[in-house]
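> Just start-v4.cif, nothing more (mmCIF, C-alpha atoms):
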data_target
#
loop_
_atom_site.label_atom_id
_atom_site.label_comp_id
_atom_site.auth_asym_id
_atom_site.auth_seq_id
_atom_site.Cartn_x
_atom_site.Cartn_y
_atom_site.Cartn_z
CA MET A 1 -26.55 14.66 -28.79
CA ALA A 2 -23.91 14.83 -26.06
CA HIS A 3 -21.69 11.85 -25.56
CA SER A 4 -21.69 9.91 -22.29
CA GLY A 5 -19.34 11.62 -19.85
CA ILE A 6 -17.57 8.41 -18.86
CA SER A 7 -16.41 7.95 -22.45
CA VAL A 8 -13.92 10.77 -21.96
CA LEU A 9 -11.81 8.39 -19.88
CA LEU A 10 -11.61 5.95 -22.79
CA GLU A 11 -11.05 8.55 -25.49
CA GLY A 12 -7.64 8.11 -27.10
CA THR A 13 -4.92 7.78 -24.48
CA ASN A 14 -6.72 9.76 -21.77
CA PHE A 15 -6.81 6.93 -19.23
CA MET A 16 -3.14 6.07 -19.74
CA ARG A 17 -2.25 9.76 -19.44
CA LEU A 18 -4.04 9.89 -16.10
CA LEU A 19 -2.12 6.83 -14.93
CA GLY A 20 1.10 8.50 -16.05
CA GLY A 21 0.16 11.62 -14.07
CA LEU A 22 -0.59 9.43 -11.06
CA TRP A 23 2.85 7.89 -11.35
CA VAL A 24 4.43 11.37 -11.28
CA THR A 25 2.39 12.21 -8.17
CA VAL A 26 3.37 8.99 -6.39
CA LYS A 27 7.02 9.29 -7.41
CA ILE A 28 7.35 12.85 -6.07
CA ALA A 29 5.61 11.90 -2.82
CA ALA A 30 7.66 8.71 -2.38
CA VAL A 31 11.07 10.28 -3.05
CA ALA A 32 10.22 13.27 -0.83
CA LEU A 33 9.10 10.96 1.97
CA ILE A 34 12.23 8.79 1.81
CA ALA A 35 14.59 11.77 1.73
CA GLY A 36 12.55 13.71 4.28
CA ILE A 37 12.34 10.81 6.73
CA ILE A 38 16.12 10.31 6.63
CA LEU A 39 16.66 14.04 7.13
CA GLY A 40 14.00 14.18 9.86
CA ILE A 41 15.53 11.31 11.83
CA ALA A 42 18.91 13.05 11.85
CA LEU A 43 17.41 16.41 12.82
CA GLY A 44 15.14 14.80 15.42
CA VAL A 45 18.12 13.20 17.13
CA LEU A 46 20.01 16.51 17.07
CA ARG A 47 17.03 18.28 18.65
CA THR A 48 17.39 16.08 21.74
CA PHE A 49 20.96 17.29 22.35
CA LYS A 50 21.54 19.90 25.05
CA ASN A 51 23.17 22.32 22.62
CA ARG A 52 20.91 25.36 22.95
CA PRO A 53 21.96 27.27 19.77
CA LEU A 54 21.53 24.10 17.70
CA ARG A 55 18.10 23.44 19.17
CA ILE A 56 17.01 27.02 18.46
CA VAL A 57 18.12 26.80 14.82
CA LEU A 58 16.35 23.48 14.29
CA ARG A 59 13.23 24.79 16.03
CA LEU A 60 13.18 27.80 13.68
CA TYR A 61 13.55 25.42 10.73
CA LEU A 62 10.56 23.44 11.94
CA GLU A 63 8.42 26.51 12.56
CA PHE A 64 9.27 27.98 9.16
CA PHE A 65 7.95 24.94 7.34
CA ARG A 66 4.95 24.74 9.65
CA VAL A 67 3.94 28.39 9.42
CA VAL A 68 4.56 29.01 5.71
CA PRO A 69 1.90 27.31 3.54
CA THR A 70 3.23 24.66 1.18
CA VAL A 71 1.89 26.50 -1.86
CA VAL A 72 3.92 29.58 -0.86
CA LEU A 73 7.03 27.41 -0.50
CA LEU A 74 6.47 26.02 -3.98
CA PHE A 75 6.14 29.51 -5.45
CA LEU A 76 9.24 30.63 -3.52
CA PHE A 77 11.39 27.77 -4.81
CA TYR A 78 9.96 27.78 -8.34
CA TYR A 79 9.58 31.47 -9.20
CA ILE A 80 11.74 33.53 -6.83
CA LEU A 81 14.84 31.60 -5.70
CA PRO A 82 15.90 30.46 -9.22
CA LYS A 83 16.03 34.10 -10.36
CA GLN A 84 17.78 35.35 -7.23
CA MET A 85 20.31 32.51 -7.02
CA ASN A 86 20.70 31.86 -10.74
CA PHE A 87 19.86 28.17 -10.81
CA ASN A 88 17.22 26.25 -12.70
CA LEU A 89 15.74 22.85 -11.88
CA PRO A 90 12.77 21.06 -13.47
CA ALA A 91 9.47 21.66 -11.67
CA ASP A 92 9.15 18.06 -10.49
CA GLN A 93 12.63 18.13 -8.90
CA LEU A 94 11.91 21.43 -7.16
CA ALA A 95 8.61 20.05 -5.89
CA THR A 96 10.40 16.96 -4.55
CA LEU A 97 12.96 19.19 -2.80
CA VAL A 98 10.28 21.37 -1.18
CA PHE A 99 8.28 18.37 -0.02
CA ALA A 100 11.40 16.62 1.31
CA LEU A 101 12.37 19.69 3.36
CA TRP A 102 8.81 19.93 4.69
CA VAL A 103 8.75 16.21 5.57
CA GLY A 104 12.17 16.57 7.22
CA ALA A 105 10.87 19.37 9.43
CA GLU A 106 7.73 17.50 10.46
CA MET A 107 9.59 14.22 10.89
CA SER A 108 12.14 15.85 13.17
CA ASP A 109 9.34 16.74 15.57
CA ILE A 110 7.91 13.21 15.43
CA VAL A 111 11.34 11.68 16.13
CA ARG A 112 12.14 14.13 18.92
CA GLY A 113 8.78 13.48 20.60
CA ALA A 114 9.27 9.73 20.38
CA LEU A 115 12.84 9.86 21.71
CA ILE A 116 11.98 11.96 24.76
CA SER A 117 9.06 9.59 25.47
CA VAL A 118 11.38 6.62 26.02
CA PRO A 119 11.20 5.68 29.74
CA LYS A 120 14.02 7.18 31.79
CA HIS A 121 14.99 3.85 33.31
CA GLN A 122 15.87 2.56 29.81
CA ILE A 123 18.30 5.44 29.37
CA GLU A 124 19.75 5.03 32.86
CA SER A 125 20.24 1.30 32.28
CA GLY A 126 22.15 2.03 29.07
CA LYS A 127 24.39 4.53 30.82
CA ALA A 128 24.94 2.10 33.68
CA ILE A 129 26.47 -0.51 31.36
CA GLY A 130 28.79 2.09 29.85
CA LEU A 131 27.13 2.83 26.52
CA SER A 132 28.42 5.87 24.65
CA ARG A 133 25.98 8.52 23.40
CA PHE A 134 25.99 6.95 19.91
CA GLN A 135 25.44 3.46 21.34
CA LEU A 136 22.68 4.77 23.62
CA TYR A 137 20.79 6.17 20.65
CA TRP A 138 21.51 3.23 18.36
CA TYR A 139 20.73 0.38 20.77
CA VAL A 140 18.25 1.93 23.20
CA LEU A 141 16.51 5.17 22.21
CA ILE A 142 15.89 4.68 18.49
CA PRO A 143 14.65 1.05 18.73
CA GLN A 144 12.39 1.95 21.67
CA SER A 145 10.94 4.96 19.85
CA ILE A 146 10.10 3.30 16.52
CA ASN A 147 6.68 2.05 17.63
CA LEU A 148 5.76 5.59 18.64
CA GLU A 149 6.96 7.06 15.35
CA ILE A 150 5.33 4.73 12.81
CA PRO A 151 1.64 5.80 13.13
CA ALA A 152 2.55 9.50 13.03
CA THR A 153 4.88 8.90 10.07
CA ILE A 154 2.14 7.12 8.13
CA ASN A 155 -0.26 10.00 8.84
CA LEU A 156 2.40 12.40 7.59
CA ALA A 157 2.69 10.34 4.40
CA THR A 158 -1.06 10.67 3.75
CA ARG A 159 -0.78 14.45 4.21
CA VAL A 160 2.07 14.61 1.72
CA ILE A 161 0.17 12.57 -0.87
CA LYS A 162 -2.92 14.78 -0.53
CA THR A 163 -0.86 17.97 -0.70
CA THR A 164 0.61 16.93 -4.06
CA SER A 165 -2.70 18.13 -5.50
CA ILE A 166 -1.25 21.68 -5.59
CA LEU A 167 1.64 20.71 -7.87
CA LEU A 168 -0.27 21.89 -10.95
CA LEU A 169 0.35 25.45 -9.73
CA ILE A 170 4.00 25.12 -10.77
CA SER A 171 3.20 23.19 -13.96
CA VAL A 172 4.17 19.73 -12.73
CA MET A 173 2.47 17.18 -14.99
CA ASP A 174 0.83 15.33 -12.12
CA VAL A 175 -2.53 13.59 -12.18
CA ILE A 176 -4.45 16.80 -11.39
CA ASN A 177 -2.74 18.75 -14.18
CA ILE A 178 -3.29 15.95 -16.70
CA GLY A 179 -6.92 15.69 -15.65
CA GLN A 180 -7.43 19.43 -16.14
CA GLN A 181 -5.91 19.23 -19.62
CA ILE A 182 -8.22 16.35 -20.56
CA ILE A 183 -11.26 18.25 -19.29
CA GLU A 184 -10.37 21.40 -21.22
CA ALA A 185 -9.65 19.48 -24.44
CA ASN A 186 -12.91 17.49 -24.31
CA ASN A 187 -15.27 19.99 -22.68
CA HIS A 188 -17.45 20.48 -25.78
CA THR A 189 -17.61 16.81 -26.76
CA TYR A 190 -18.12 15.52 -23.20
CA PRO A 191 -19.78 18.29 -21.12
CA THR A 192 -20.13 16.01 -18.09
CA GLY A 193 -16.65 14.58 -18.47
CA VAL A 194 -15.37 16.80 -15.65
CA PHE A 195 -17.29 14.71 -13.11
CA TRP A 196 -15.82 11.46 -14.40
CA VAL A 197 -12.26 12.74 -14.66
CA TYR A 198 -12.22 14.25 -11.18
CA GLY A 199 -14.18 11.29 -9.87
CA LEU A 200 -11.43 8.96 -11.09
CA ILE A 201 -8.75 11.23 -9.59
CA PHE A 202 -10.63 11.18 -6.28
CA LEU A 203 -10.69 7.37 -6.49
CA PHE A 204 -6.93 7.30 -7.11
CA TYR A 205 -6.23 9.41 -4.02
CA PHE A 206 -8.70 7.43 -1.94
CA LEU A 207 -7.16 4.07 -2.90
CA ILE A 208 -3.72 5.35 -1.86
CA ASP A 209 -4.60 7.31 1.28
CA TYR A 210 -7.36 5.26 2.90
CA PRO A 211 -5.30 2.05 3.42
CA LEU A 212 -2.49 4.14 4.92
CA SER A 213 -4.91 5.91 7.29
CA TRP A 214 -6.46 2.58 8.30
CA TRP A 215 -3.00 1.09 8.91
CA ALA A 216 -1.94 4.04 11.08
CA LYS A 217 -5.09 3.80 13.21
CA ARG A 218 -4.64 0.05 13.60
CA LEU A 219 -1.02 0.40 14.69
CA GLU A 220 -1.92 3.13 17.18
CA LYS A 221 -4.75 1.01 18.58
CA LYS A 222 -2.42 -1.97 19.03
CA ARG A 223 0.16 0.21 20.76
CA LEU A 224 -2.41 1.57 23.20
CA GLU A 225 -3.70 -1.95 23.89
CA ARG A 226 -0.16 -3.11 24.70
CA GLU A 227 0.39 -0.18 27.04
CA ASN A 228 -2.96 -0.65 28.80
CA GLY A 229 -2.78 -4.41 28.80
#
As structure tokens, please, write out the structure in this file.

Amino acid sequence: MAHSGISVLLEGTNFMRLLGGLWVTVKIAAVALIAGIILGIALGVLRTFKNRPLRIVLRLYLEFFRVVPTVVLLFLFYYILPKQMNFNLPADQLATLVFALWVGAEMSDIVRGALISVPKHQIESGKAIGLSRFQLYWYVLIPQSINLEIPATINLATRVIKTTSILLLISVMDVINIGQQIIEANNHTYPTGVFWVYGLIFLFYFLIDYPLSWWAKRLEKKRLERENG
């Protein structure tokens, strides 16, 4: 008689292993987001400068990470570049690097869009009182653009978290990889265990992503109400 599928989650240390895999997933996403947001803010500011060569280079950087699928980037950094450049990093660190560069590219576009959306009279007022370029960005443009950036940044965070599901392709021991190992090891004893394992993984992702999506929509709604009110 086949065992109940849900029992696979309670077998041995399976549940704790899944939680450990979830921690790896969250850690990679969190570190990549923090590093990528910092990088993206700097690049976004630079993209508003009138230096044409610089803007072209940064635009190409953005388009590269937009056009090339994330899975291809992971393969490039994990399988090809280490051999060509003779360096070796653990899979989780390489994944964090790839995701941070991707977040930096996307964040630069969010920041640039928010900065150029600041009303012109705010910029002219800053110049009128003698603010330098640095002071203009620090005291006027960046504070005024934050409300525009937050909803888009939260949406970007949900995309990053969901995209971590491909990390098993480069052998990162994330929640998906751990879940697959548990399924393969218990397939004969718990034939329906696959539904419970992936069901729990789905629940993990939902509990992380849904509140963020709800928060982003709420912030955007409040911003539109303020503008229309």
> With distances taken over all atoms listed in the file, which residue among A:Gln144, A:Thr25, A:Asn155, A:Ser132 lies nearest Asn177 of chain A?
A:Thr25
> List as a list in words the protein and nucleic acid residues near segment 92-98 of chain A, meaning an atom at most 7 Å away when only C-alpha atoms are counted, but skip any in the same chain fewer than 6 places from it.
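Listed by chain and then number, they are Ile28, Val31, Ala32, Leu73, Leu74, Phe77, Tyr78 and Val172 of chain A.
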> Got time to write the residues from that selection, C-alpha atoms, as a JSON list (two decimals), keeping the file's coordinate frame?

[["chain", "number", "residue", "atom", "x", "y", "z"],
["A", 28, "ILE", "CA", 7.35, 12.85, -6.07],
["A", 31, "VAL", "CA", 11.07, 10.28, -3.05],
["A", 32, "ALA", "CA", 10.22, 13.27, -0.83],
["A", 73, "LEU", "CA", 7.03, 27.41, -0.50],
["A", 74, "LEU", "CA", 6.47, 26.02, -3.98],
["A", 77, "PHE", "CA", 11.39, 27.77, -4.81],
["A", 78, "TYR", "CA", 9.96, 27.78, -8.34],
["A", 172, "VAL", "CA", 4.17, 19.73, -12.73]]
> Skip Leu19 of chain A itself and residues of its chain fewer than 6 positions away, then list as a list of chain:residue names all residues within 12 Å of it, counting all atoms listed in the file.
A:Leu9, A:Thr13, A:Thr25, A:Val26, A:Met173, A:Asp174, A:Val175, A:Ile176, A:Asn177, A:Ile178, A:Gly179, A:Val197, A:Leu200, A:Ile201, A:Phe204, A:Tyr205
> What is the distance between atom CA of Asn147 of chain A and atom CA of Arg218 of chain A, in Å to one decimal?
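The value is 12.2 Å.
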> For Glu106 of chain A, work out the shell of residues within 10 Å, counting only C-alpha atoms and skipping chain neighbours fewer than 2 positions away, then give it as a count of residues only.
21
> Hey, could you make a per-residue contact list for segment 91-200 of chain A against segment 49-56 of chain A with 12 Å as the cut-off, showing the nearest pair of atoms and its distance in Å to one decimal, counting all atoms listed in the file, sorted by chain and number, as CSV?

residue,atom,partner,partner_atom,distance
A:Ser108,CA,A:Arg55,CA,11.4
A:Asp109,CA,A:Arg55,CA,11.6
A:Arg112,CA,A:Phe49,CA,10.0
A:Leu115,CA,A:Phe49,CA,11.0
A:Ile116,CA,A:Phe49,CA,10.7
A:Arg133,CA,A:Phe49,CA,10.2
A:Phe134,CA,A:Phe49,CA,11.8
A:Tyr137,CA,A:Phe49,CA,11.3
> A:Ser125, A:Ser117, A:Asn228, A:Gln180: which is nearest Ile142 of chain A, counting all atoms listed in the file?
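Answer, going by the shortest atom-to-atom distance: A:Ser117.
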> What is the distance, in Å and to one decimal place, between atom CA of Glu220 of chain A and atom CA of His121 of chain A?
23.4 Å
> So the first atom is atom CA of Leu43 of chain A and the second is atom CA of Ser213 of chain A; what is the distance between them in Å, to one decimal place?
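Taking atom CA of Leu43 of chain A and atom CA of Ser213 of chain A, their separation equals 25.3 Å.
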> Quick one: residues within 8 Å of Thr158 of chain A, only C-alpha atoms counted, chain neighbours fewer than 3 positions away excluded, as a list in words?
Ile154, Asn155, Ile161, Lys162, Asp209, Leu212 and Ser213 of chain A
> Taking all atoms listed in the file into account, name the residue in A:Pro143, A:Trp214, A:Thr70, A:Pro82 that is nearest to Leu169 of chain A.
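Looking only at the distances to Leu169 of chain A, the closest residue turns out to be A:Thr70.
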> Which is closer to Leu10 of chain A than all the others in A:Ile182, A:Leu81, A:Leu60, A:Val71, using all atoms listed in the file?
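Answer, going by the shortest atom-to-atom distance: A:Ile182.
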> Write out as a list in words each polymer residue whose atoms come within 8 Å of Val160 of chain A, counting only C-alpha atoms; drop sequence neighbours fewer than 6 positions from it.
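These residues fall inside the cut-off: Ala29, Leu33, Phe99 and Val103 of chain A.
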> Starting from the PyMOL selection byres ((chain A and resi 190) around 12), expand the selection into actual residues of this file and give them as a list in words.
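Matching residues under the PyMOL selection byres ((chain A and resi 190) around 12) are Met1, Ala2, His3, Ser4, Gly5, Ile6, Ser7, Val8, Leu9, Leu10, Glu11, Ile182, Ile183, Glu184, Ala185, Asn186, Asn187, His188, Thr189, Pro191, Thr192, Gly193, Val194, Phe195, Trp196 and Val197 of chain A.
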> Find, counting only C-alpha atoms, the residue in A:Leu89, A:Ala114, A:Val68, A:Ala105 that gets nearest to Ile38 of chain A.
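Among the listed residues, A:Ala105 lies closest to Ile38 of chain A.
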